[in-house]
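Just protein_11.txt here, compact mmCIF, C-alpha atoms:
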# COMPACT_ATOMS: atom_id res chain seq x y z
CA MET A 20 97.31 84.36 144.36
CA ALA A 21 96.59 82.45 141.15
CA GLU A 22 99.31 81.17 138.87
CA VAL A 23 98.56 82.56 135.41
CA HIS A 24 100.07 81.20 132.20
CA LEU A 25 99.97 83.37 129.08
CA PRO A 26 100.37 81.95 125.56
CA ARG A 27 103.38 82.72 123.41
CA ASN A 28 101.48 84.58 120.68
CA LEU A 29 99.79 86.82 123.27
CA VAL A 30 103.10 87.65 124.97
CA GLU A 31 104.48 88.58 121.55
CA LEU A 32 101.78 91.25 121.33
CA PHE A 33 102.75 92.65 124.75
CA PRO A 34 106.52 92.20 124.87
CA THR A 35 106.89 93.23 128.53
CA ALA A 36 104.41 90.58 129.70
CA PRO A 37 105.87 87.33 131.10
CA HIS A 38 104.76 83.83 130.16
CA LYS A 39 103.90 83.12 133.80
CA LEU A 40 102.90 85.39 136.69
CA LEU A 41 101.04 85.44 139.98
CA LEU A 42 97.84 87.49 140.25
CA GLU A 43 95.15 88.04 142.81
CA ALA A 44 91.64 87.74 141.38
CA ASP A 45 88.23 86.47 142.41
CA THR A 46 87.03 85.65 138.91
CA VAL A 47 88.39 85.26 135.41
CA ALA A 48 86.95 88.70 134.59
CA ASP A 49 88.90 90.23 137.50
CA LEU A 50 91.99 88.47 136.30
CA VAL A 51 91.69 89.74 132.73
CA ARG A 52 90.97 93.27 134.00
CA THR A 53 94.14 93.14 136.09
CA LEU A 54 96.09 91.95 133.07
CA ASP A 55 94.63 94.86 131.09
CA GLU A 56 95.68 97.35 133.76
CA ARG A 57 99.23 96.11 133.53
CA TRP A 58 99.27 95.73 129.76
CA PRO A 59 96.64 98.05 128.28
CA GLY A 60 94.77 96.48 125.42
CA MET A 61 94.99 92.89 126.69
CA TRP A 62 91.27 92.85 127.53
CA ASP A 63 90.42 93.58 123.90
CA ARG A 64 92.65 90.74 122.76
CA LEU A 65 91.00 88.19 125.08
CA CYS A 66 87.40 89.37 125.33
CA THR A 67 84.66 90.63 123.06
CA VAL A 68 81.23 92.17 123.43
CA GLY A 69 78.90 90.57 125.91
CA PRO A 70 81.36 90.73 127.52
CA ALA A 71 82.64 87.23 126.84
CA VAL A 72 85.88 85.42 126.24
CA ARG A 73 86.67 85.44 122.52
CA GLN A 74 85.44 82.43 120.56
CA HIS A 75 88.92 81.14 119.76
CA ILE A 76 90.43 81.74 123.20
CA ASN A 77 90.13 79.19 125.98
CA ILE A 78 90.72 80.04 129.63
CA PHE A 79 91.16 77.01 131.87
CA VAL A 80 90.94 77.26 135.67
CA ASP A 81 92.49 74.22 137.34
CA GLY A 82 92.01 72.28 134.13
CA GLU A 83 88.39 73.20 133.54
CA LYS A 84 87.34 75.53 130.73
CA GLY A 85 85.79 78.65 132.26
CA GLY A 86 84.09 81.90 131.34
CA LEU A 87 84.46 85.43 132.65
CA ASP A 88 82.36 84.65 135.73
CA THR A 89 84.31 81.53 136.69
CA ALA A 90 85.70 81.77 140.23
CA VAL A 91 89.46 81.84 140.73
CA SER A 92 90.51 80.53 144.13
CA PRO A 93 93.83 81.26 145.82
CA GLY A 94 96.43 78.89 144.41
CA ALA A 95 94.44 78.18 141.24
CA VAL A 96 96.29 77.56 138.01
CA VAL A 97 94.86 79.63 135.16
CA ARG A 98 96.00 78.83 131.65
CA ILE A 99 95.03 81.03 128.68
CA ILE A 100 95.36 78.91 125.55
CA PRO A 101 94.42 79.87 121.98
CA ALA A 102 92.07 77.32 120.42
CA VAL A 103 93.10 75.27 117.43
CA SER A 104 92.40 77.71 114.61
CA GLY A 105 94.37 76.98 111.49
CA GLY A 106 94.54 78.59 108.09
CA MET B 3 117.41 97.05 108.99
CA TYR B 4 115.66 100.05 107.58
CA ARG B 5 118.14 102.40 105.95
CA GLU B 6 117.87 105.92 104.68
CA ARG B 7 118.53 106.47 101.02
CA GLY B 8 120.51 109.35 99.61
CA LYS B 9 119.30 112.85 100.34
CA GLY B 10 117.31 114.52 97.63
CA MET B 11 115.89 111.28 96.31
CA GLY B 12 112.27 110.39 96.75
CA ARG B 13 111.77 106.97 98.24
CA VAL B 14 108.88 104.93 96.97
CA MET B 15 107.39 102.64 99.59
CA VAL B 16 104.95 99.92 98.58
CA MET B 17 102.84 98.55 101.42
CA VAL B 18 101.48 95.05 100.98
CA GLY B 19 98.82 93.44 103.15
CA THR B 20 98.73 89.64 103.07
CA LYS B 21 97.06 86.72 104.74
CA LYS B 22 100.20 86.35 106.86
CA GLY B 23 101.22 89.85 107.81
CA ALA B 24 102.29 93.11 106.19
CA PHE B 25 105.33 93.67 103.99
CA LEU B 26 107.12 96.83 102.89
CA LEU B 27 109.08 97.26 99.68
CA GLU B 28 111.22 100.28 98.97
CA SER B 29 112.89 101.67 95.89
CA ASP B 30 114.32 104.88 94.58
CA GLU B 31 112.51 106.95 91.97
CA SER B 32 113.48 104.55 89.19
CA ARG B 33 111.24 101.88 90.78
CA LYS B 34 113.41 99.13 89.30
CA GLN B 35 115.13 97.58 92.35
CA TRP B 36 113.05 96.74 95.40
CA ASP B 37 114.12 95.93 98.94
CA LEU B 38 111.57 93.74 100.69
CA ARG B 39 111.03 93.62 104.46
CA GLY B 40 108.53 91.67 106.52
CA PRO B 41 106.41 89.90 107.51
CA PHE B 42 105.22 92.43 110.07
CA CYS B 43 102.25 92.49 112.44
CA ASN B 44 103.09 89.08 113.93
CA GLY B 45 101.82 87.31 110.84
CA TRP B 46 98.22 88.45 111.42
CA PRO B 47 95.92 88.58 108.40
CA ILE B 48 96.27 92.16 107.18
CA LEU B 49 93.61 93.32 104.75
CA HIS B 50 94.95 96.79 104.02
CA VAL B 51 98.03 98.89 104.71
CA GLY B 52 98.13 102.65 104.29
CA TYR B 53 100.40 105.58 105.01
CA ASP B 54 99.40 108.59 107.11
CA ALA B 55 101.61 111.40 105.85
CA ALA B 56 100.54 113.70 108.70
CA THR B 57 102.06 111.44 111.36
CA LYS B 58 104.49 109.58 109.07
CA SER B 59 102.92 106.31 110.18
CA VAL B 60 102.38 103.06 108.38
CA LEU B 61 98.93 101.79 109.36
CA ALA B 62 97.86 98.18 108.90
CA ALA B 63 94.24 97.08 109.24
CA GLY B 64 93.35 93.49 109.97
CA GLY B 65 92.17 90.94 112.44
CA ASN B 66 93.10 87.64 113.89
CA ASN B 67 90.78 84.74 114.79
CA TRP B 68 92.21 84.53 118.27
CA TYR B 69 92.71 88.14 119.27
CA GLY B 70 90.18 90.12 117.21
CA PRO B 71 90.44 93.29 115.14
CA ALA B 72 93.32 95.71 115.34
CA LEU B 73 94.93 98.65 113.69
CA TRP B 74 98.68 98.17 113.69
CA ARG B 75 100.88 101.27 113.56
CA SER B 76 104.55 101.83 112.85
CA GLN B 77 106.14 105.25 113.14
CA ASP B 78 109.58 104.08 112.03
CA PHE B 79 108.75 102.50 108.67
CA GLY B 80 108.26 99.02 110.03
CA GLU B 81 111.04 98.74 112.59
CA SER B 82 108.58 98.60 115.48
CA TRP B 83 104.82 98.25 115.69
CA SER B 84 102.01 98.86 118.16
CA HIS B 85 98.44 97.66 117.92
CA SER B 86 95.13 98.94 119.21
CA SER B 87 91.45 98.03 119.28
CA GLN B 88 90.40 100.67 121.76
CA GLY B 89 86.93 101.88 120.85
CA LEU B 90 86.39 99.39 118.01
CA SER B 91 82.98 98.38 119.27
CA TYR B 92 79.35 98.77 118.26
CA GLY B 93 78.44 98.76 121.95
CA GLU B 94 76.52 96.35 124.10
CA GLY B 95 73.91 94.58 122.07
CA GLY B 96 75.73 95.23 118.83
CA PRO B 97 77.70 92.67 116.89
CA ALA B 98 81.36 92.15 117.64
CA VAL B 99 83.81 93.79 115.25
CA GLU B 100 85.53 90.87 113.57
CA ARG B 101 88.29 92.57 111.60
CA LEU B 102 89.30 95.81 109.91
CA TRP B 103 89.24 95.96 106.14
CA HIS B 104 90.49 99.40 105.23
CA VAL B 105 92.34 102.39 106.66
CA THR B 106 92.77 105.90 105.34
CA SER B 107 93.58 109.28 106.80
CA ALA B 108 92.39 112.81 106.05
CA HIS B 109 91.83 116.13 107.77
CA GLY B 110 93.74 115.05 110.89
CA LYS B 111 91.82 111.83 111.41
CA VAL B 112 92.41 108.15 110.75
CA TYR B 113 89.38 106.25 109.49
CA VAL B 114 88.94 102.48 109.46
CA GLY B 115 86.29 100.33 107.85
CA ALA B 116 85.16 97.25 109.74
CA GLU B 117 83.39 93.91 109.40
CA PRO B 118 80.46 93.78 110.08
CA ALA B 119 80.21 96.96 108.06
CA GLY B 120 80.82 100.13 109.99
CA LEU B 121 83.08 103.14 110.16
CA PHE B 122 85.35 104.30 112.98
CA ALA B 123 87.40 107.48 113.32
CA SER B 124 90.49 108.23 115.37
CA ALA B 125 91.67 111.70 116.28
CA ASP B 126 94.93 110.49 117.80
CA GLY B 127 96.57 108.79 114.87
CA GLY B 128 94.99 105.37 115.37
CA GLU B 129 95.41 104.87 119.10
CA THR B 130 91.74 105.17 120.08
CA PHE B 131 88.61 105.07 117.96
CA THR B 132 85.09 106.43 118.00
CA HIS B 133 82.24 104.75 116.16
CA VAL B 134 80.79 106.95 113.40
CA ALA B 135 77.40 105.70 114.43
CA GLY B 136 75.29 107.51 111.86
CA LEU B 137 76.10 105.00 109.14
CA ARG B 138 74.75 101.98 111.02
CA GLN B 139 71.74 104.06 112.12
CA HIS B 140 70.63 104.14 108.50
CA PRO B 141 67.14 102.59 108.22
CA THR B 142 68.36 100.07 105.64
CA LEU B 143 70.68 98.35 108.17
CA PRO B 144 68.41 95.28 108.54
CA GLN B 145 68.75 94.74 104.77
CA TRP B 146 72.54 94.76 104.75
CA GLN B 147 73.84 91.39 103.60
CA PRO B 148 77.40 90.14 103.20
CA GLY B 149 79.10 89.44 99.91
CA ASN B 150 81.36 86.44 99.46
CA GLY B 151 84.14 88.16 101.39
CA GLY B 152 81.92 89.21 104.27
CA LEU B 153 79.86 92.24 105.27
CA CYS B 154 82.80 94.56 105.04
CA LEU B 155 83.25 98.30 104.74
CA HIS B 156 86.16 98.36 102.31
CA THR B 157 86.19 101.83 100.77
CA ILE B 158 86.60 105.19 102.52
CA LEU B 159 86.89 108.28 100.33
CA PRO B 160 87.11 111.55 102.26
CA HIS B 161 86.49 114.71 100.27
CA PRO B 162 89.94 116.26 99.74
CA ASN B 163 88.91 119.77 100.87
CA ASP B 164 85.73 119.45 102.94
CA PRO B 165 85.94 117.31 106.11
CA GLN B 166 82.16 117.12 106.25
CA GLN B 167 81.90 115.13 103.03
CA MET B 168 82.81 111.48 102.58
CA TRP B 169 81.87 108.41 100.57
CA VAL B 170 82.11 104.87 101.89
CA ALA B 171 81.26 101.54 100.29
CA ALA B 172 80.42 98.16 101.77
CA SER B 173 79.77 94.76 100.23
CA ALA B 174 77.14 93.77 99.38
CA VAL B 175 75.37 96.93 100.48
CA GLY B 176 76.50 99.76 98.22
CA THR B 177 77.93 103.24 98.33
CA PHE B 178 76.89 105.87 100.91
CA TYR B 179 77.58 109.60 101.12
CA THR B 180 77.58 112.04 104.01
CA SER B 181 77.74 115.82 103.90
CA ASP B 182 77.52 116.40 107.65
CA GLY B 183 80.62 114.71 108.95
CA GLY B 184 79.05 111.26 109.24
CA GLN B 185 75.92 112.09 111.22
CA THR B 186 73.61 111.12 108.36
CA TRP B 187 74.22 109.13 105.21
CA VAL B 188 72.40 108.59 101.91
CA PRO B 189 72.79 105.59 99.58
CA ARG B 190 74.35 106.43 96.21
CA ASN B 191 73.60 103.42 94.02
CA GLU B 192 71.26 104.69 91.28
CA GLY B 193 72.12 103.01 87.99
CA ILE B 194 74.15 100.11 89.34
CA ARG B 195 73.17 96.67 88.01
CA ALA B 196 72.19 93.99 90.50
CA ASP B 197 71.18 90.85 88.61
CA TYR B 198 71.02 88.98 91.90
CA MET B 199 67.92 90.99 92.87
CA PRO B 200 64.51 90.74 91.18
CA PRO B 201 64.20 93.36 88.42
CA GLU B 202 61.09 94.86 89.99
CA ALA B 203 62.94 95.47 93.25
CA LYS B 204 63.62 99.13 93.94
CA SER B 205 66.06 98.79 96.77
CA GLU B 206 68.32 101.53 98.03
CA VAL B 207 70.88 98.93 99.07
CA GLY B 208 71.97 95.42 98.11
CA TYR B 209 74.56 96.47 95.52
CA CYS B 210 77.76 94.50 95.42
CA VAL B 211 80.21 97.37 95.07
CA HIS B 212 83.73 96.01 94.93
CA LYS B 213 85.73 99.25 94.96
CA VAL B 214 85.26 102.97 94.35
CA ALA B 215 88.01 105.40 93.37
CA MET B 216 87.95 109.20 93.27
CA ALA B 217 89.31 111.14 90.30
CA PRO B 218 92.08 113.64 91.12
CA GLY B 219 90.90 117.22 91.37
CA MET B 220 87.30 116.18 90.75
CA PRO B 221 85.84 114.87 94.03
CA ASN B 222 82.44 114.38 92.48
CA ARG B 223 83.87 112.08 89.81
CA LEU B 224 83.85 108.55 91.15
CA TYR B 225 84.78 105.36 89.36
CA GLN B 226 83.33 102.07 90.52
CA GLN B 227 84.09 98.42 89.87
CA SER B 228 81.04 96.48 90.98
CA HIS B 229 80.18 92.80 90.84
CA GLN B 230 78.60 93.48 87.46
CA GLY B 231 80.33 96.25 85.66
CA VAL B 232 82.51 99.33 85.71
CA TYR B 233 80.80 102.68 86.24
CA ARG B 234 81.50 106.40 86.48
CA SER B 235 79.61 109.06 88.35
CA ASP B 236 80.14 112.77 87.76
CA ASP B 237 77.71 113.86 90.46
CA GLY B 238 79.16 112.33 93.58
CA GLY B 239 77.43 109.00 93.09
CA GLN B 240 73.88 110.26 92.61
CA THR B 241 73.83 108.60 89.19
CA TRP B 242 76.16 106.03 87.65
CA THR B 243 76.97 105.40 83.99
CA TRP B 244 77.97 101.98 82.62
CA LEU B 245 81.52 101.98 81.24
CA THR B 246 82.11 98.29 80.71
CA ASP B 247 81.97 98.10 76.87
CA GLY B 248 85.35 97.04 75.54
CA LEU B 249 86.38 95.14 78.65
CA PRO B 250 86.64 91.33 78.54
CA SER B 251 84.44 90.90 81.60
CA THR B 252 82.00 92.80 83.71
CA PHE B 253 83.62 91.33 86.82
CA GLY B 254 86.66 92.54 88.70
CA PHE B 255 87.61 93.67 92.14
CA PRO B 256 89.91 96.74 92.12
CA ILE B 257 89.75 100.07 90.38
CA ALA B 258 92.29 102.87 90.69
CA SER B 259 92.51 106.41 89.42
CA HIS B 260 95.50 108.34 88.10
CA PRO B 261 97.23 110.83 90.44
CA ARG B 262 96.76 113.82 88.07
CA ASP B 263 94.54 112.94 85.12
CA PRO B 264 90.86 112.51 86.02
CA GLU B 265 90.25 110.80 82.66
CA THR B 266 92.66 107.94 83.37
CA VAL B 267 91.51 104.90 85.30
CA TYR B 268 92.78 101.34 85.74
CA VAL B 269 90.87 98.06 86.27
CA ILE B 270 91.74 94.37 86.30
CA PRO B 271 88.89 92.36 84.75
CA LEU B 272 88.50 88.79 85.98
CA SER B 273 86.37 85.96 84.75
CA GLY B 274 83.05 86.37 86.49
CA ASP B 275 81.36 83.97 88.80
CA GLU B 276 83.22 81.16 87.04
CA GLY B 277 86.47 81.32 88.95
CA ARG B 278 87.32 85.01 89.29
CA LEU B 279 90.67 84.56 87.57
CA MET B 280 92.59 86.42 84.87
CA PRO B 281 90.63 85.64 81.65
CA GLY B 282 92.31 82.84 79.71
CA GLY B 283 95.17 82.69 82.19
CA MET B 284 96.62 85.84 80.59
CA ALA B 285 97.44 88.59 83.08
CA ALA B 286 96.49 92.12 82.09
CA VAL B 287 95.63 95.52 83.49
CA TRP B 288 93.18 97.60 81.49
CA ARG B 289 93.47 101.38 81.23
CA SER B 290 91.17 104.07 79.97
CA ARG B 291 92.50 107.50 79.03
CA ASN B 292 89.08 108.99 78.34
CA GLY B 293 87.03 108.51 81.45
CA GLY B 294 86.08 104.93 80.66
CA ALA B 295 84.73 105.45 77.15
CA ALA B 296 87.39 103.15 75.71
CA TRP B 297 89.86 100.70 77.22
CA GLU B 298 93.29 99.38 76.30
CA ARG B 299 94.86 96.13 77.44
CA LEU B 300 98.27 96.46 79.15
CA SER B 301 100.25 93.24 79.42
CA ASN B 302 103.84 93.88 78.30
CA GLY B 303 105.90 91.93 80.82
CA LEU B 304 103.00 90.18 82.48
CA PRO B 305 102.62 86.37 82.21
CA GLN B 306 100.47 85.38 79.25
CA THR B 307 100.17 81.66 79.87
CA ALA B 308 98.76 79.80 82.86
CA ALA B 309 98.47 82.91 85.01
CA HIS B 310 95.42 81.72 86.90
CA VAL B 311 95.49 84.41 89.55
CA THR B 312 93.05 86.70 91.30
CA VAL B 313 93.62 90.35 92.22
CA LEU B 314 91.50 91.47 95.17
CA ARG B 315 89.74 94.81 95.72
CA ASP B 316 92.55 96.70 97.42
CA ALA B 317 95.42 95.10 95.54
CA LEU B 318 95.83 97.69 92.76
CA ALA B 319 97.54 101.02 93.40
CA VAL B 320 98.95 103.99 91.52
CA ASP B 321 101.73 106.22 92.85
CA ALA B 322 102.08 110.00 92.62
CA MET B 323 105.27 110.01 90.54
CA ASP B 324 105.53 111.29 86.97
CA PRO B 325 105.19 109.03 85.06
CA ALA B 326 102.87 107.30 87.48
CA GLY B 327 103.78 103.86 88.74
CA VAL B 328 101.12 101.17 88.80
CA TYR B 329 101.22 98.18 91.14
CA PHE B 330 99.15 95.07 91.70
CA GLY B 331 99.40 92.00 93.89
CA THR B 332 97.93 88.58 93.32
CA SER B 333 96.22 85.97 95.41
CA THR B 334 99.26 83.78 94.82
CA GLY B 335 101.80 86.22 96.19
CA GLN B 336 103.24 88.01 93.17
CA LEU B 337 103.71 91.79 93.15
CA PHE B 338 103.94 93.39 89.70
CA VAL B 339 105.18 96.93 89.12
CA SER B 340 105.04 99.32 86.20
CA GLY B 341 107.09 102.49 86.34
CA ASP B 342 105.56 103.88 83.14
CA GLU B 343 101.83 104.13 83.75
CA GLY B 344 101.22 100.49 82.87
CA GLU B 345 103.06 100.26 79.54
CA THR B 346 105.61 97.70 80.81
CA TRP B 347 105.66 95.47 83.86
CA THR B 348 108.18 93.65 86.01
CA LEU B 349 107.86 91.22 88.91
CA ALA B 350 108.98 93.02 92.07
CA ALA B 351 108.30 90.21 94.55
CA ASP B 352 107.21 86.60 94.43
CA PHE B 353 106.35 83.87 96.92
CA LEU B 354 104.59 86.25 99.28
CA PRO B 355 101.50 85.01 101.13
CA PRO B 356 98.18 85.66 99.36
CA ILE B 357 98.00 89.43 98.80
CA SER B 358 95.00 91.37 100.07
CA SER B 359 96.16 94.89 99.40
CA VAL B 360 98.77 97.08 97.74
CA GLU B 361 99.28 100.75 98.49
CA VAL B 362 102.13 103.09 97.64
CA ALA B 363 103.52 106.29 99.09
CA VAL B 364 106.42 108.55 98.18
CA VAL B 365 108.15 109.23 101.49

Write the structure described by the file as C-alpha cells, please.
Amino acid sequence: MAEVHLPRNLVELFPTAPHKLLLEADTVADLVRTLDERWPGMWDRLCTVGPAVRQHINIFVDGEKGGLDTAVSPGAVVRIIPAVSGG
Amino acid sequence: MYRERGKGMGRVMVMVGTKKGAFLLESDESRKQWDLRGPFCNGWPILHVGYDAATKSVLAAGGNNWYGPALWRSQDFGESWSHSSQGLSYGEGGPAVERLWHVTSAHGKVYVGAEPAGLFASADGGETFTHVAGLRQHPTLPQWQPGNGGLCLHTILPHPNDPQQMWVAASAVGTFYTSDGGQTWVPRNEGIRADYMPPEAKSEVGYCVHKVAMAPGMPNRLYQQSHQGVYRSDDGGQTWTWLTDGLPSTFGFPIASHPRDPETVYVIPLSGDEGRLMPGGMAAVWRSRNGGAAWERLSNGLPQTAAHVTVLRDALAVDAMDPAGVYFGTSTGQLFVSGDEGETWTLAADFLPPISSVEVAVV
C-alpha cells in the first residue's frame, strides 16, 4: 500500500476525500484511476489529454517528481501538490 | 443563508462571474436593495454564470490553472455546488480544453463554449457533456487564431423555437450558424470590418467578434459588438450593417438586447486599442431605441470623473422585468444597476474581484 497525500484545495472539491489515505497501485496512473473510482471526477482534475498529469499539478513519489507511468512501490509516499501558480 | 422572500413577489437574482469565484445578488422587484452572497465555486476564475430555468440551476462556467475546466452547478441557489468536466474533451490528439467561457440552456440541453474554441452539449443538466464536433470540423479550423483574451467560444445563441438552429461566436474567428443541430456550420461574417487583415483578403474567418445578441421575437435579427464597430443583421448573420455612427468609439466588448423591444439595444463603448477604458474616464451605457440608427448616452448616477474601468464581453445584462433592469460589472469590481431601462443608475456592489460576467434571472 502507498501512502497518498492529497492537497487541501483538491479535498475541498471532493469533500468526502481525506487528506491522507492508503492505496494499492502499481503506477501513478493506477493510483489516480483508483482515486477517480472513489471520487468520480478526480481524474479530470489531475490529468488532461495525452493522458498526462496537468501542467500545474505535481505528483511526487518518494520525493521525486513523476508522471502517470511512474512506478509506485509498496510503502511509497505519494504527494500530490499543486504547483506555484499565482494570480 | 439563502432565504425565501415573500410569496407573490418576483425575486431578481443577479449572477456575477469574477476572477475569484461566482457571486449572487438578490432583490425584490424594486431592484433597489441587494443582498450579496459569495464567493462560490472555491474561488475559481468564473467567466460566466447563467440560470437554467428548466432545472432551476445556477450554472457557472470557468477553469482553474491547477484543476482544469469545469461547469459548476447549484440547484439550491448557491447553498451547495457540484462540478463536472466529464466529456469536456476534444479527444486524443486534440488540444486540451483549458476553460469554459460561456453557458446557456435551451430545448432541454445545457451548452458550454470552451477555450480553445469549441462547443459542448449536455442532456443531463450539466453533469456530462458531448462535443458538438461539427464546429471544429469546419475546414477553416487551421485559420482560427486567438484574440487577446484567448481562442474562446464566448457566445451561444440557440434559436428560441427551432432546436436545429443556433449561432455561436468565437474570438478572433467570427460568427457561425447551424441549421442541422450542430452537424454542419457556416461562417456568418459578411460585412464585418477587420482592419487587422489585408484589405484584399477574402477570408471567411478571422473576425474579432466580441459579443452577439439576439433581438426578442426576431431570431434572425442579431446585434454584434465587434473589435471594430457595432452591427445589425436582419437575415441571421448573412449580412451585417454598420451601426456605429453616433457612438464615441468603434470599440467595446458587450452588447445586450431588450427583453421585449427588438429595436432597443445597449452597448458600452470603450476607448479602442489605447487602453480599452471608459472614454475620458466617464462611465456610460449607450442605448438605441431604433435598431441602432441613433444612440443616446445614459450616465445618470454613473461616475463621471476618473472612472477608468473596463466592462468585458459578458458583463452587461438586461432583465425581463417591466421596466427592464440593466446591469453591468467592471474590471475593478463594481456592479451598477438601473431599474428603469438605463435612465438612472446605482452602485449595487463594490470591491468585488474583477468581474467577467453579469447575468440576471427572475426566479

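Using only C-alpha atoms, the smallest distance between any of A:Val97, A:Leu41, A:Leu25, A:Ile76 and chain B comes from A:Ile76.
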
Please check the contacts: residues of chain B at most 10 Å away from chain A, using only C-alpha atoms, listed as a VMD selection string.
chain B and resid 21 to 22 43 to 44 66 to 72 83 to 100

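Of the listed residues (A:Ala36, A:Ala48, A:Leu42, A:Val30), A:Ala48 comes nearest to Leu87 in chain A; the distances count all atoms listed in the file.
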
Once 5 Å is added on each side, what centre and edge lengths in Å to one decimal does the axis-aligned box around all listed atoms of range 91-100 of chain A have, as lines of an AutoDock Vina configuration file?
center_x = 92.9
center_y = 79.7
center_z = 135.7
size_x = 17.0
size_y = 14.3
size_z = 30.3

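Considering the residues B:His104, B:His156, B:His212, B:His260 and counting all atoms listed in the file, Gln230 in chain B has its shortest atom-to-atom contact with B:His212.
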
If you measure from CA of Ser173 in chain B to CA of Gln226 in chain B, what distance in Å do you get, rounded to one decimal?
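So the two atoms, CA of Ser173 in chain B and CA of Gln226 in chain B, lie 12.7 Å apart.
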
Which distance in Å separates CA of Val360 in chain B and CA of Met17 in chain B, to one decimal?
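Taking CA of Val360 in chain B and CA of Met17 in chain B, their separation equals 5.7 Å.
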
Quick one, how far is CA of Ala108 in chain B from CA of Pro160 in chain B?
6.6 Å

With all atoms listed in the file as the basis for distance, which of B:Arg315, B:Thr246, B:Thr20, B:Gly293 is at the shortest distance from Leu155 in chain B?
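Comparing B:Arg315, B:Thr246, B:Thr20, B:Gly293 against Leu155 in chain B, the winner is B:Arg315.
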
Just want the 10 Å neighbourhood of His24 in chain A, counted on all atoms listed in the file, with same-chain residues fewer than 5 positions away dropped. Output as a list in words.
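Residues meeting the cut-off are Pro37, His38, Lys39, Leu40, Leu41, Ile78, Phe79, Val96, Val97, Arg98, Ile99 and Ile100 of chain A.
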
Closest to Ser92 in chain A among A:Thr35, A:Asp45, A:Val72, A:Glu22, using only C-alpha atoms?
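Answer, going by the shortest atom-to-atom distance: A:Asp45.
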
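Among the candidates B:Asn302, B:Val328, B:Thr243, B:Ser228, the residue lying nearest to Tyr268 in chain B is B:Val328 (atoms considered: only C-alpha atoms).
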
Go ahead and find all residues with at least one atom no further than 10 Å from (92.7, 89.6, 135.4) in the file's coordinates, using only C-alpha atoms; report them as a list in words.
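So the residues meeting the distance criterion are Ala21, Val23, Leu42, Glu43, Ala44, Asp45, Thr46, Val47, Ala48, Asp49, Leu50, Val51, Arg52, Thr53, Leu54, Asp55, Glu56, Arg57, Met61, Trp62, Leu87 and Val91 of chain A.
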
For Gly238 in chain B: contacts at 9 Å, all atoms listed in the file, fewer than 5 positions along chain excluded, given as a PDB file with C-alpha atoms, keeping the file's coordinate frame:
ATOM      1  CA  TRP B 169      81.870 108.410 100.570  1.00  0.00           C
ATOM      2  CA  TYR B 179      77.580 109.600 101.120  1.00  0.00           C
ATOM      3  CA  ARG B 190      74.350 106.430  96.210  1.00  0.00           C
ATOM      4  CA  PRO B 221      85.840 114.870  94.030  1.00  0.00           C
ATOM      5  CA  ASN B 222      82.440 114.380  92.480  1.00  0.00           C
ATOM      6  CA  ARG B 223      83.870 112.080  89.810  1.00  0.00           C
ATOM      7  CA  LEU B 224      83.850 108.550  91.150  1.00  0.00           C
TER       8      LEU B 224
END

Could you list, as JSON, numbers by chain, every residue within 12 Å of Val339 in chain B, counting only C-alpha atoms and ignoring same-chain residues fewer than 3 positions away?
{"B": [14, 16, 27, 29, 32, 33, 34, 35, 36, 287, 301, 302, 303, 304, 317, 318, 319, 320, 321, 326, 327, 328, 329, 330, 331, 332, 336, 342, 343, 344, 345, 346, 347, 348, 349, 350, 351, 352, 360, 361, 362]}
